[in-house]
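A.B. asks: Below is the file structure_27.txt, with compact mmCIF, C-alpha atoms.
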# COMPACT_ATOMS: atom_id res chain seq x y z
CA MET A 16 14.52 65.89 -25.14
CA THR A 17 12.22 65.16 -22.26
CA THR A 18 12.90 62.07 -20.21
CA GLN A 19 10.60 59.21 -21.00
CA THR A 20 8.46 57.88 -18.22
CA ILE A 21 6.34 54.79 -17.78
CA ARG A 22 3.33 54.22 -15.57
CA VAL A 23 3.90 52.06 -12.51
CA ASP A 24 1.27 50.30 -10.40
CA ILE A 25 2.27 48.56 -7.21
CA VAL A 26 -0.59 46.74 -5.50
CA SER A 27 -0.67 44.27 -2.66
CA ALA A 28 -3.52 42.01 -1.64
CA GLU A 29 -4.48 44.52 1.05
CA ALA A 30 -4.02 47.89 -0.61
CA GLU A 31 -2.85 49.97 -3.54
CA ILE A 32 0.68 50.96 -2.59
CA TYR A 33 1.93 53.15 -5.42
CA HIS A 34 0.54 54.53 -8.62
CA GLY A 35 2.41 57.00 -10.80
CA ASP A 36 5.03 57.67 -13.46
CA ALA A 37 8.67 56.68 -13.20
CA VAL A 38 11.85 56.67 -15.27
CA MET A 39 13.06 53.37 -13.86
CA VAL A 40 11.94 50.52 -11.63
CA VAL A 41 14.43 48.31 -9.82
CA ALA A 42 13.25 44.98 -8.40
CA THR A 43 14.56 41.59 -7.36
CA GLY A 44 13.38 39.01 -9.86
CA GLU A 45 13.74 35.29 -9.46
CA LEU A 46 16.85 35.32 -11.66
CA GLY A 47 18.38 38.45 -10.19
CA GLU A 48 18.09 42.20 -10.06
CA LEU A 49 16.03 43.86 -12.74
CA GLY A 50 16.23 47.49 -13.81
CA ILE A 51 13.36 48.39 -16.07
CA THR A 52 13.21 51.58 -18.06
CA PRO A 53 10.56 52.75 -20.57
CA ARG A 54 10.39 50.83 -23.88
CA HIS A 55 11.44 47.60 -22.18
CA ALA A 56 10.24 44.45 -23.94
CA PRO A 57 7.18 42.73 -22.39
CA LEU A 58 8.36 40.63 -19.47
CA ILE A 59 6.77 38.62 -16.73
CA THR A 60 8.55 37.16 -13.72
CA ARG A 61 8.15 36.17 -10.13
CA LEU A 62 9.63 38.45 -7.49
CA LYS A 63 11.76 37.34 -4.59
CA PRO A 64 11.25 38.95 -1.19
CA GLY A 65 13.12 42.21 -1.33
CA HIS A 66 13.03 45.84 -2.27
CA VAL A 67 11.33 47.54 -5.20
CA ASP A 68 12.68 50.98 -6.01
CA VAL A 69 10.83 53.46 -8.19
CA VAL A 70 13.00 56.24 -9.65
CA LEU A 71 10.94 59.33 -10.38
CA ALA A 72 11.55 61.86 -13.15
CA GLY A 73 13.34 64.25 -10.79
CA GLY A 74 15.82 61.58 -9.70
CA GLU A 75 14.00 60.98 -6.42
CA ARG A 76 13.81 57.35 -5.29
CA GLN A 77 10.71 55.84 -3.74
CA GLN A 78 11.51 52.63 -1.90
CA PHE A 79 9.18 49.75 -1.25
CA TRP A 80 9.49 46.31 0.19
CA VAL A 81 7.61 43.24 -1.09
CA SER A 82 7.41 39.74 0.36
CA GLY A 83 7.22 38.22 -3.11
CA GLY A 84 4.85 38.49 -6.01
CA ILE A 85 4.68 39.00 -9.74
CA LEU A 86 6.17 41.69 -11.97
CA GLU A 87 4.71 42.36 -15.38
CA VAL A 88 6.10 44.75 -17.97
CA GLN A 89 3.87 46.01 -20.78
CA PRO A 90 4.65 48.76 -23.30
CA GLN A 91 2.66 51.35 -21.35
CA VAL A 92 2.68 50.06 -17.82
CA ILE A 93 4.67 48.14 -15.23
CA THR A 94 2.54 46.21 -12.75
CA VAL A 95 3.82 44.78 -9.48
CA LEU A 96 1.42 42.33 -7.85
CA ALA A 97 2.87 41.92 -4.40
CA ASP A 98 1.82 39.32 -1.84
CA THR A 99 2.40 41.90 0.83
CA ALA A 100 4.09 45.22 0.26
CA ALA A 101 5.04 48.24 2.31
CA ARG A 102 6.75 51.54 1.85
CA ALA A 103 10.26 51.04 3.12
CA SER A 104 9.81 53.97 5.50
CA ASP A 105 6.82 52.17 7.10
CA LEU A 106 8.89 49.13 8.01
CA ASP A 107 9.57 48.72 11.67
CA GLU A 108 13.15 47.81 12.47
CA ALA A 109 12.42 46.46 15.94
CA SER A 110 9.75 44.06 14.76
CA ALA A 111 11.90 42.93 11.83
CA GLN A 112 14.76 42.19 14.24
CA ARG A 113 12.39 40.30 16.49
CA ALA A 114 11.02 38.28 13.57
CA LYS A 115 14.55 37.45 12.49
CA LYS A 116 15.50 36.27 15.93
CA GLU A 117 12.35 34.19 16.28
CA ALA A 118 12.96 32.54 12.93
CA GLU A 119 16.57 31.77 13.87
CA ASP A 120 15.47 30.26 17.17
CA ALA A 121 12.88 28.16 15.39
CA LEU A 122 15.52 26.94 12.95
CA ALA A 123 17.84 25.97 15.77
CA HIS A 124 15.24 23.97 17.66
CA ARG A 125 12.92 22.35 15.16
CA THR A 126 13.62 19.22 13.21
CA ASP A 127 10.43 18.81 11.24
CA ALA A 128 10.98 19.54 7.52
CA VAL A 129 7.83 21.62 7.18
CA ASP A 130 8.72 23.72 10.21
CA ILE A 131 12.21 24.32 8.90
CA ALA A 132 10.96 25.45 5.50
CA GLU A 133 8.51 27.82 7.15
CA ALA A 134 11.12 29.25 9.48
CA GLN A 135 13.53 29.71 6.59
CA ALA A 136 10.93 31.63 4.62
CA LYS A 137 10.30 33.84 7.63
CA LEU A 138 13.99 34.40 8.12
CA VAL A 139 14.46 35.48 4.50
CA GLU A 140 11.52 37.84 4.85
CA ALA A 141 12.86 39.45 8.01
CA MET A 142 16.35 39.76 6.58
CA THR A 143 15.19 41.44 3.39
CA GLN A 144 13.12 43.84 5.46
CA LEU A 145 16.21 44.78 7.42
CA GLN A 146 18.20 45.18 4.22
CA ALA A 147 15.56 47.46 2.80
CA LEU A 148 15.72 49.57 5.95
CA GLU A 149 19.49 49.76 5.73
CA ARG A 150 19.34 50.90 2.11
CA LEU A 151 16.78 53.49 3.00
CA ARG A 152 18.97 54.83 5.77
CA LYS A 153 22.00 55.05 3.46
CA ASN A 154 19.97 56.98 0.90
CA LEU A 155 18.81 59.43 3.52
CA LYS A 156 22.41 60.16 4.53
CA HIS A 157 23.43 61.10 0.99
CA MET B 12 -64.25 42.23 14.75
CA ALA B 13 -61.59 40.55 16.88
CA SER B 14 -61.87 41.02 20.60
CA GLY B 15 -59.65 43.45 22.46
CA ARG B 16 -57.50 40.78 24.01
CA GLU B 17 -56.80 39.06 20.70
CA ILE B 18 -55.67 42.32 19.13
CA LYS B 19 -53.50 43.05 22.09
CA THR B 20 -51.64 39.72 21.73
CA LYS B 21 -51.10 40.49 18.06
CA ILE B 22 -49.65 43.90 18.88
CA LYS B 23 -47.36 42.31 21.45
CA SER B 24 -46.04 39.70 19.06
CA THR B 25 -45.47 42.27 16.32
CA GLN B 26 -43.53 44.36 18.81
CA ASN B 27 -41.34 41.39 19.63
CA MET B 28 -40.72 40.82 15.95
CA ARG B 29 -39.76 44.44 15.54
CA LYS B 30 -37.20 44.05 18.29
CA VAL B 31 -35.56 41.20 16.38
CA THR B 32 -35.54 42.93 12.99
CA ARG B 33 -34.17 46.11 14.54
CA ALA B 34 -31.37 44.23 16.24
CA LEU B 35 -30.47 42.45 13.00
CA GLU B 36 -30.52 45.74 11.13
CA MET B 37 -28.14 47.33 13.60
CA VAL B 38 -25.77 44.36 13.61
CA SER B 39 -25.53 44.46 9.82
CA ALA B 40 -25.09 48.22 9.83
CA ALA B 41 -22.12 47.78 12.14
CA LYS B 42 -20.60 44.95 10.11
CA ILE B 43 -21.07 46.43 6.67
CA ARG B 44 -18.41 49.07 7.23
CA ARG B 45 -15.64 46.55 7.77
CA ALA B 46 -16.83 44.26 5.01
CA GLN B 47 -16.81 47.21 2.65
CA ASP B 48 -13.34 48.29 3.71
CA MET B 49 -11.96 44.81 3.15
CA MET B 50 -13.60 44.61 -0.23
CA LYS B 51 -12.31 48.00 -1.35
CA ALA B 52 -8.80 47.30 -0.09
CA SER B 53 -8.38 44.22 -2.21
CA ARG B 54 -10.11 45.57 -5.31
CA PRO B 55 -6.97 47.17 -6.86
CA TYR B 56 -5.13 43.86 -6.63
CA ALA B 57 -7.93 41.91 -8.26
CA ARG B 58 -8.25 44.53 -10.98
CA SER B 59 -4.53 44.64 -11.73
CA MET B 60 -4.51 40.87 -11.73
CA ARG B 61 -7.29 40.84 -14.29
CA LYS B 62 -5.33 43.22 -16.51
CA VAL B 63 -2.21 41.09 -16.33
CA ILE B 64 -4.25 37.99 -17.12
CA ALA B 65 -5.85 39.68 -20.11
CA HIS B 66 -2.35 40.46 -21.38
CA VAL B 67 -1.22 36.90 -20.78
CA ALA B 68 -4.20 35.59 -22.73
CA GLN B 69 -3.19 37.78 -25.68
CA ALA B 70 0.44 36.77 -25.74
CA SER B 71 1.37 34.14 -28.30
CA THR B 72 3.30 31.79 -26.12
CA ASP B 73 4.85 28.53 -27.30
CA PHE B 74 3.94 26.86 -24.06
CA SER B 75 0.33 25.68 -24.07
CA HIS B 76 -1.18 25.67 -20.63
CA PRO B 77 -4.60 24.04 -20.36
CA PHE B 78 -5.98 27.30 -18.93
CA LEU B 79 -5.00 29.12 -22.09
CA THR B 80 -6.53 26.82 -24.69
CA GLN B 81 -10.19 27.12 -25.50
CA ARG B 82 -11.72 23.80 -26.39
CA GLU B 83 -14.21 23.92 -29.23
CA LYS B 84 -16.57 21.26 -27.99
CA VAL B 85 -18.12 21.83 -24.60
CA ALA B 86 -19.15 18.68 -22.76
CA ARG B 87 -18.94 19.79 -19.14
CA VAL B 88 -19.00 23.15 -17.42
CA GLY B 89 -18.34 24.20 -13.86
CA TYR B 90 -19.85 26.94 -11.74
CA ILE B 91 -18.37 28.35 -8.57
CA VAL B 92 -21.34 29.84 -6.73
CA VAL B 93 -20.77 32.25 -3.86
CA SER B 94 -23.73 32.69 -1.53
CA THR B 95 -24.40 33.67 2.07
CA ASP B 96 -24.50 31.36 5.07
CA ARG B 97 -27.60 32.84 6.62
CA GLY B 98 -30.92 33.99 5.28
CA LEU B 99 -32.95 37.09 6.15
CA CYS B 100 -31.12 39.12 3.56
CA GLY B 101 -33.90 39.91 1.13
CA GLY B 102 -33.74 38.42 -2.32
CA LEU B 103 -29.96 38.34 -2.45
CA ASN B 104 -29.48 34.60 -2.86
CA SER B 105 -32.66 33.91 -4.77
CA ASN B 106 -31.82 36.65 -7.28
CA LEU B 107 -28.47 35.02 -7.90
CA PHE B 108 -29.97 31.54 -8.23
CA ARG B 109 -32.66 32.90 -10.53
CA ARG B 110 -29.94 34.22 -12.84
CA LEU B 111 -28.08 30.94 -12.68
CA LEU B 112 -30.96 28.57 -13.37
CA PRO B 113 -31.65 29.58 -16.99
CA ALA B 114 -27.93 29.41 -17.77
CA ILE B 115 -27.71 25.93 -16.26
CA ALA B 116 -30.91 24.81 -18.01
CA GLU B 117 -29.48 25.99 -21.33
CA TRP B 118 -26.31 23.97 -20.87
CA GLN B 119 -28.35 20.92 -19.93
CA GLN B 120 -30.49 21.27 -23.04
CA GLN B 121 -27.33 21.06 -25.10
CA GLY B 122 -26.48 17.86 -23.27
CA VAL B 123 -23.75 19.51 -21.25
CA GLN B 124 -23.08 18.31 -17.73
CA VAL B 125 -22.99 20.94 -15.02
CA ASP B 126 -20.70 20.71 -11.99
CA VAL B 127 -21.05 23.11 -9.10
CA VAL B 128 -18.77 24.20 -6.28
CA ALA B 129 -20.83 25.92 -3.61
CA ILE B 130 -19.50 28.51 -1.20
CA GLY B 131 -21.91 29.35 1.61
CA GLN B 132 -24.67 27.35 3.29
CA LYS B 133 -27.46 28.69 1.09
CA ALA B 134 -25.85 27.57 -2.16
CA ILE B 135 -25.00 24.19 -0.66
CA SER B 136 -28.59 23.42 0.32
CA PHE B 137 -29.95 24.84 -2.95
CA PHE B 138 -27.71 22.81 -5.25
CA ARG B 139 -28.01 19.68 -3.16
CA ARG B 140 -31.72 19.68 -3.95
CA LEU B 141 -31.36 20.69 -7.60
CA LYS B 142 -31.61 17.72 -9.97
CA GLY B 143 -29.11 17.09 -12.74
CA VAL B 144 -26.33 19.10 -11.13
CA ASN B 145 -23.21 17.58 -9.56
CA LEU B 146 -22.13 19.25 -6.37
CA ILE B 147 -18.40 18.48 -6.44
CA GLY B 148 -17.23 20.65 -3.59
CA SER B 149 -18.46 23.02 -0.93
CA VAL B 150 -17.32 25.25 1.89
CA SER B 151 -19.32 27.31 4.34
CA HIS B 152 -19.05 29.47 7.45
CA LEU B 153 -16.24 31.69 6.23
CA GLY B 154 -17.06 34.16 8.97
CA GLU B 155 -16.73 37.92 8.94
CA ARG B 156 -13.15 37.87 7.70
CA PRO B 157 -12.89 35.31 4.93
CA LYS B 158 -9.36 34.02 4.52
CA LEU B 159 -7.86 32.83 1.30
CA GLU B 160 -6.79 29.59 2.99
CA GLN B 161 -10.45 28.71 3.55
CA LEU B 162 -11.13 28.92 -0.16
CA VAL B 163 -8.02 27.21 -1.49
CA GLY B 164 -9.53 23.73 -1.06
CA VAL B 165 -12.64 24.26 -3.17
CA ILE B 166 -10.70 26.22 -5.76
CA LYS B 167 -8.36 23.29 -6.10
CA VAL B 168 -11.28 20.89 -6.61
CA MET B 169 -12.49 23.02 -9.51
CA MET B 170 -9.05 23.50 -11.05
CA ASP B 171 -8.27 19.81 -10.82
CA ALA B 172 -11.57 19.05 -12.50
CA TYR B 173 -10.61 21.49 -15.23
CA THR B 174 -7.12 20.20 -15.87
CA SER B 175 -7.77 16.48 -15.58
CA ASN B 176 -11.46 15.74 -15.45
CA GLY B 177 -12.89 17.20 -18.61
CA LEU B 178 -14.38 20.51 -17.49
CA ASP B 179 -14.36 22.81 -20.52
CA ARG B 180 -15.54 26.07 -18.99
CA VAL B 181 -15.56 27.49 -15.49
CA PHE B 182 -17.79 30.34 -14.38
CA LEU B 183 -18.01 32.29 -11.18
CA ALA B 184 -21.37 33.48 -9.81
CA TYR B 185 -21.63 36.00 -6.97
CA ASN B 186 -23.31 39.21 -5.93
CA ASP B 187 -21.35 42.26 -6.98
CA PHE B 188 -21.53 45.05 -4.42
CA VAL B 189 -22.49 48.27 -6.24
CA ASN B 190 -23.70 50.26 -3.27
CA THR B 191 -25.79 49.72 -0.16
CA MET B 192 -29.03 49.73 -2.11
CA THR B 193 -27.86 47.76 -5.14
CA GLN B 194 -26.21 44.37 -5.39
CA LYS B 195 -25.82 42.93 -8.83
CA PRO B 196 -26.00 39.17 -9.37
CA THR B 197 -23.05 38.50 -11.65
CA ILE B 198 -21.80 35.53 -13.64
CA ASP B 199 -18.21 35.89 -14.87
CA ALA B 200 -16.19 33.53 -17.01
CA LEU B 201 -13.13 32.27 -15.16
CA LEU B 202 -11.58 29.74 -17.52
CA PRO B 203 -10.31 29.34 -20.18
CA LEU B 204 -8.64 32.70 -20.45
CA PRO B 205 -9.43 33.53 -24.10
CA LEU B 206 -13.07 33.42 -23.02
CA VAL B 207 -12.31 35.84 -20.19
CA ALA B 208 -10.49 38.21 -22.51
CA SER B 209 -13.31 38.30 -25.04
CA GLU B 210 -15.85 38.81 -22.27
CA MET B 211 -13.76 41.67 -20.96
CA GLU B 212 -13.79 43.29 -24.39
CA ALA B 213 -17.58 43.06 -24.41
CA HIS B 214 -17.76 44.68 -20.98
CA GLN B 215 -15.47 47.41 -22.16
CA ALA B 216 -17.55 48.06 -25.24
CA ALA B 217 -20.55 48.41 -22.94
CA GLY B 218 -18.58 51.06 -21.08
CA GLU B 219 -18.63 49.43 -17.68
CA SER B 220 -16.47 51.34 -15.27
CA ALA B 221 -14.96 48.31 -13.55
CA TYR B 222 -13.22 47.42 -16.79
CA ALA B 223 -12.10 50.92 -17.77
CA GLY B 224 -8.39 51.16 -18.33
CA VAL B 225 -8.00 47.51 -19.17
CA LYS B 226 -6.28 48.03 -22.45
CA LEU B 227 -6.12 45.02 -24.67
CA GLU B 228 -3.64 44.70 -27.46
CA ALA B 229 -5.45 43.50 -30.54
CA SER B 230 -2.38 41.96 -32.13
CA HIS B 231 -1.20 38.51 -31.14
CA ASP B 232 2.30 38.76 -32.55
CA TRP B 233 4.24 39.37 -29.36
CA ASP B 234 5.30 37.33 -26.39
CA TYR B 235 6.72 37.91 -22.97
CA ILE B 236 10.25 37.35 -21.80
CA TYR B 237 9.64 34.78 -19.09
CA GLU B 238 11.97 34.53 -16.13
CA PRO B 239 12.87 31.78 -15.38
CA ASP B 240 10.63 30.04 -17.95
CA ALA B 241 7.10 30.12 -19.31
CA GLN B 242 5.78 27.12 -17.45
CA THR B 243 6.93 28.17 -13.97
CA VAL B 244 5.78 31.74 -14.34
CA LEU B 245 2.44 30.96 -15.95
CA GLU B 246 1.52 28.28 -13.45
CA HIS B 247 2.26 30.67 -10.64
CA VAL B 248 0.42 33.60 -12.21
CA LEU B 249 -2.65 31.58 -13.21
CA GLY B 250 -2.96 30.00 -9.77
CA ARG B 251 -2.79 33.41 -8.17
CA TYR B 252 -5.32 34.79 -10.61
CA ILE B 253 -8.01 32.23 -9.80
CA GLU B 254 -7.44 32.61 -6.07
CA SER B 255 -7.60 36.38 -6.12
CA VAL B 256 -10.75 36.48 -8.26
CA VAL B 257 -12.63 33.97 -6.12
CA TYR B 258 -11.45 35.65 -2.94
CA GLN B 259 -12.58 39.03 -4.21
CA ALA B 260 -15.96 37.53 -5.13
CA SER B 261 -16.40 36.21 -1.60
CA LEU B 262 -15.61 39.64 -0.16
CA GLU B 263 -18.03 41.35 -2.54
CA ASN B 264 -20.65 38.83 -1.58
CA LEU B 265 -20.07 39.42 2.13
CA ALA B 266 -20.49 43.17 1.74
CA SER B 267 -23.59 42.53 -0.38
CA GLU B 268 -24.99 40.25 2.30
CA HIS B 269 -24.75 42.86 5.02
CA ALA B 270 -26.11 45.59 2.78
CA ALA B 271 -29.04 43.46 1.67
CA ARG B 272 -29.80 42.35 5.22
CA MET B 273 -29.66 45.90 6.49
CA VAL B 274 -32.11 47.09 3.86
CA ALA B 275 -34.41 44.08 4.25
CA MET B 276 -34.49 44.39 8.03
CA LYS B 277 -35.06 48.11 7.84
CA SER B 278 -38.12 47.64 5.68
CA ALA B 279 -39.28 44.81 7.96
CA SER B 280 -39.01 47.14 10.96
CA ASP B 281 -40.89 49.83 9.06
CA ASN B 282 -43.61 47.35 8.18
CA ALA B 283 -43.84 46.23 11.80
CA ASN B 284 -44.28 49.87 12.84
CA LYS B 285 -47.07 50.26 10.34
CA VAL B 286 -48.83 47.08 11.44
CA ILE B 287 -48.53 48.08 15.10
CA GLY B 288 -50.02 51.50 14.30
CA GLU B 289 -52.93 49.98 12.44
CA LEU B 290 -53.58 47.37 15.12
CA THR B 291 -53.48 49.98 17.88
CA LEU B 292 -56.08 51.97 15.96
CA VAL B 293 -58.30 48.90 15.61
CA TYR B 294 -57.81 48.06 19.27
CA ASN B 295 -58.79 51.56 20.41
CA LYS B 296 -61.83 51.56 18.15
CA ALA B 297 -62.92 48.21 19.52
CA ARG B 298 -62.45 49.42 23.09
CA GLN B 299 -64.43 52.57 22.39
CA ALA B 300 -67.22 50.58 20.75
CA ALA B 301 -67.38 48.26 23.77
CA ILE B 302 -67.62 51.22 26.17
CA THR B 303 -70.27 52.93 24.08
CA GLN B 304 -72.26 49.75 23.95
CA GLU B 305 -71.96 49.28 27.70
CA ILE B 306 -73.14 52.84 28.38
CA SER B 307 -76.09 52.55 26.04
CA GLU B 308 -77.01 49.26 27.74
CA ILE B 309 -76.89 50.88 31.16
CA VAL B 310 -78.89 53.89 29.94
CA GLY B 311 -81.40 51.59 28.26
CA GLY B 312 -81.68 49.50 31.44
CA ALA B 313 -82.16 52.60 33.63
CA ALA B 314 -84.88 53.93 31.30
CA ALA B 315 -86.71 50.61 31.50
CA VAL B 316 -86.83 50.73 35.30
Turn the structure described in the file into structure tokens.

C.D. replies:
Amino acid sequence: MTTQTIRVDIVSAEAEIYHGDAVMVVATGELGELGITPRHAPLITRLKPGHVDVVLAGGERQQFWVSGGILEVQPQVITVLADTAARASDLDEASAQRAKKEAEDALAHRTDAVDIAEAQAKLVEAMTQLQALERLRKNLKH
Amino acid sequence: MASGREIKTKIKSTQNMRKVTRALEMVSAAKIRRAQDMMKASRPYARSMRKVIAHVAQASTDFSHPFLTQREKVARVGYIVVSTDRGLCGGLNSNLFRRLLPAIAEWQQQGVQVDVVAIGQKAISFFRRLKGVNLIGSVSHLGERPKLEQLVGVIKVMMDAYTSNGLDRVFLAYNDFVNTMTQKPTIDALLPLPLVASEMEAHQAAGESAYAGVKLEASHDWDYIYEPDAQTVLEHVLGRYIESVVYQASLENLASEHAARMVAMKSASDNANKVIGELTLVYNKARQAAITQEISEIVGGAAAV
């Protein structure tokens, strides 16, 4: 029996990030981690900032990072509409660290509710970027 | 025949005009590249979004969002019109308005009120003068890099009018960038979604490439699993959909503007060249005629002596 695959499209507002076939897609939905394989029921959900992994037919993993967005599952295709997305290998650790630090500083010093919410969102973004990088590094070691 | 000096002033002023048209042509040629890149970069997102929305429109959800229900009786319609801020871009804006006017006139004949949201200075001044049309919102001077934040306000005006103020249909009018020589004035349905889905089917039947690969399930007997729930997800998705489509339209229109201006200014420069050539010829002929006349006068005078 050949392994079933499903088409995957990952697009962000700025570019088409990934387009191809996969045996599984792993993403962080609003209610938790999702692992989607072919013949999944139609599903639509919002994505939290975090990683999106695409497992290819050969067992290879392609890793991406999204800052949030929408995931749609259809019988023939999985679509990820990301607000911003990047290949995990394109992420820059130094700038993510810097962003995290800046957000933490902002949180420590501001009192305005709007500022705090903004800084928190930035902090989450930076932290998930760092997590994605860490995961990528672990995978490379194996 | 005009005197030599008169012709010379004309040549001079045509040359000055040519300087201006050439400069405009070159500016647009430089800007079109980036506008085109921006437009192409965000096309996949807009297209995927349209696919998802078509699917959503086909799902038989229990939750009835106003965007998803098509009202039978149409009493008011809205148009979001995307135009340029500046002129000198050929017939770009007037072609779009010329496509819009019959549509608007038809609605008005049926006793339907027409509301307009104008994006760009040209649309604002056009619809301000047009009788029988309500201009309910406008934004202009988006610059060379339109940002979504600049458009959110006018989009909200239209969406609020749809959800609470009795708009039954919303359309989007803009110039679709085909290539540098061709820009297609386009009117797309935006809301409600069943209208969009059926329009998409029509486009597909006509074999238009932009809609290829948008596969629509004919059956209506399935529904999504919504996480966390239908209302939250749909509100989010539908909001994003409108924003991305309008944003894409403004990018397409920007690329169209530069392309149209480049072509218009190129032909203006060519025309100026032609006029200068013709005028120079006339000037030289006049000069020659004057000299000939002078010589024959001198010769005639000498013979008389």

A.B. asks: Here is a test: counting all atoms listed in the file, which residue of B:Ala40, B:Val63, B:Ile253, B:Val125 is nearest to chain A?

C.D. replies: B:Val63

A.B. asks: Can you check which residues of chain A have any atom within 9 Å of chain B? Use all atoms listed in the file and format it as a short mmCIF file (atom, residue, chain, number, x, y, z; two decimals) with C-alpha atoms, in the frame of the given file.

C.D. replies:
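out-v7.cif was written with the following content:
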data_model
loop_
_atom_site.label_atom_id
_atom_site.label_comp_id
_atom_site.auth_asym_id
_atom_site.auth_seq_id
_atom_site.Cartn_x
_atom_site.Cartn_y
_atom_site.Cartn_z
CA ASP A 24 1.27 50.30 -10.40
CA ILE A 25 2.27 48.56 -7.21
CA VAL A 26 -0.59 46.74 -5.50
CA SER A 27 -0.67 44.27 -2.66
CA ALA A 28 -3.52 42.01 -1.64
CA GLU A 29 -4.48 44.52 1.05
CA ALA A 30 -4.02 47.89 -0.61
CA GLU A 31 -2.85 49.97 -3.54
CA GLY A 44 13.38 39.01 -9.86
CA GLU A 45 13.74 35.29 -9.46
CA LEU A 46 16.85 35.32 -11.66
CA ALA A 56 10.24 44.45 -23.94
CA PRO A 57 7.18 42.73 -22.39
CA LEU A 58 8.36 40.63 -19.47
CA ILE A 59 6.77 38.62 -16.73
CA THR A 60 8.55 37.16 -13.72
CA ARG A 61 8.15 36.17 -10.13
CA ILE A 85 4.68 39.00 -9.74
CA GLU A 87 4.71 42.36 -15.38
CA VAL A 88 6.10 44.75 -17.97
CA GLN A 89 3.87 46.01 -20.78
CA THR A 94 2.54 46.21 -12.75
CA VAL A 95 3.82 44.78 -9.48
CA LEU A 96 1.42 42.33 -7.85
CA ALA A 97 2.87 41.92 -4.40
#

A.B. asks: Give me the residues within 12 Å of Val128 of chain B as a PyMOL selection string, counting all atoms listed in the file and dropping any in the same chain fewer than 3 places off.

C.D. replies: chain B and resi 88-94+125+131-132+134-139+144-151+162+164-170+172+181-184+257

A.B. asks: Atom CA of Ala46 of chain B and atom CA of Val31 of chain B, how far apart in Å?

C.D. replies: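 For atom CA of Val31 of chain B relative to atom CA of Ala46 of chain B, the distance reads 22.1 Å.
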
A.B. asks: Neighbouring residues of Lys19 of chain B were defined as those with any atom within 9 Å, considering all atoms listed in the file; residues of the same chain fewer than 4 positions away were excluded. Please report them as a VMD selection string.

C.D. replies: chain B and resid 14 to 15 23 to 24 290 to 291 294

A.B. asks: Give me, please, the distance in Å between atom CA of Gly50 of chain A and atom CA of Ser110 of chain A, quoted to one decimal.

C.D. replies: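 Straight-line distance from atom CA of Gly50 of chain A to atom CA of Ser110 of chain A works out to 29.5 Å.
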
A.B. asks: For Gln112 of chain A, please output as an MDAnalysis selection string all residues within 10 Å (counting all atoms listed in the file; exclusion window: fewer than 5 positions along the same chain).

C.D. replies: chainID A and resid 107 117:118 138 141:142 144:145

A.B. asks: Grab all the atoms of segment 86-92 of chain B that the file lists, wrap them in a box along x, y and z, add 4 Å per side, and give me centre plus edge lengths in Å (one decimal) as lines of an AutoDock Vina configuration file.

C.D. replies:
center_x = -19.8
center_y = 24.3
center_z = -14.7
size_x = 11.0
size_y = 19.2
size_z = 24.0

A.B. asks: How many Å lie between atom CA of Lys158 of chain B and atom CA of Lys63 of chain A, rounded to one decimal?

C.D. replies: 23.2 Å

A.B. asks: I want to know what sits within 9 Å of Gln78 of chain A, based on all atoms listed in the file, with residues of the same chain fewer than 2 positions away left out; could you give that as a PDB file with C-alpha atoms, in the frame of the given file?

C.D. replies:
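Now in around_21.pdb:
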ATOM      1  CA  HIS A  66      13.030  45.840  -2.270  1.00  0.00           C
ATOM      2  CA  VAL A  67      11.330  47.540  -5.200  1.00  0.00           C
ATOM      3  CA  ASP A  68      12.680  50.980  -6.010  1.00  0.00           C
ATOM      4  CA  VAL A  69      10.830  53.460  -8.190  1.00  0.00           C
ATOM      5  CA  VAL A  70      13.000  56.240  -9.650  1.00  0.00           C
ATOM      6  CA  ARG A  76      13.810  57.350  -5.290  1.00  0.00           C
ATOM      7  CA  TRP A  80       9.490  46.310   0.190  1.00  0.00           C
ATOM      8  CA  ALA A 101       5.040  48.240   2.310  1.00  0.00           C
ATOM      9  CA  ARG A 102       6.750  51.540   1.850  1.00  0.00           C
ATOM     10  CA  ALA A 103      10.260  51.040   3.120  1.00  0.00           C
ATOM     11  CA  SER A 104       9.810  53.970   5.500  1.00  0.00           C
ATOM     12  CA  ALA A 147      15.560  47.460   2.800  1.00  0.00           C
ATOM     13  CA  ARG A 150      19.340  50.900   2.110  1.00  0.00           C
ATOM     14  CA  LEU A 151      16.780  53.490   3.000  1.00  0.00           C
TER      15      LEU A 151
END

A.B. asks: Ranking B:Met28, B:Gly177, B:Glu155, B:Val38 by minimum distance to Arg87 of chain B and counting only C-alpha atoms, which one comes first?

C.D. replies: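 Closest candidate: B:Gly177.
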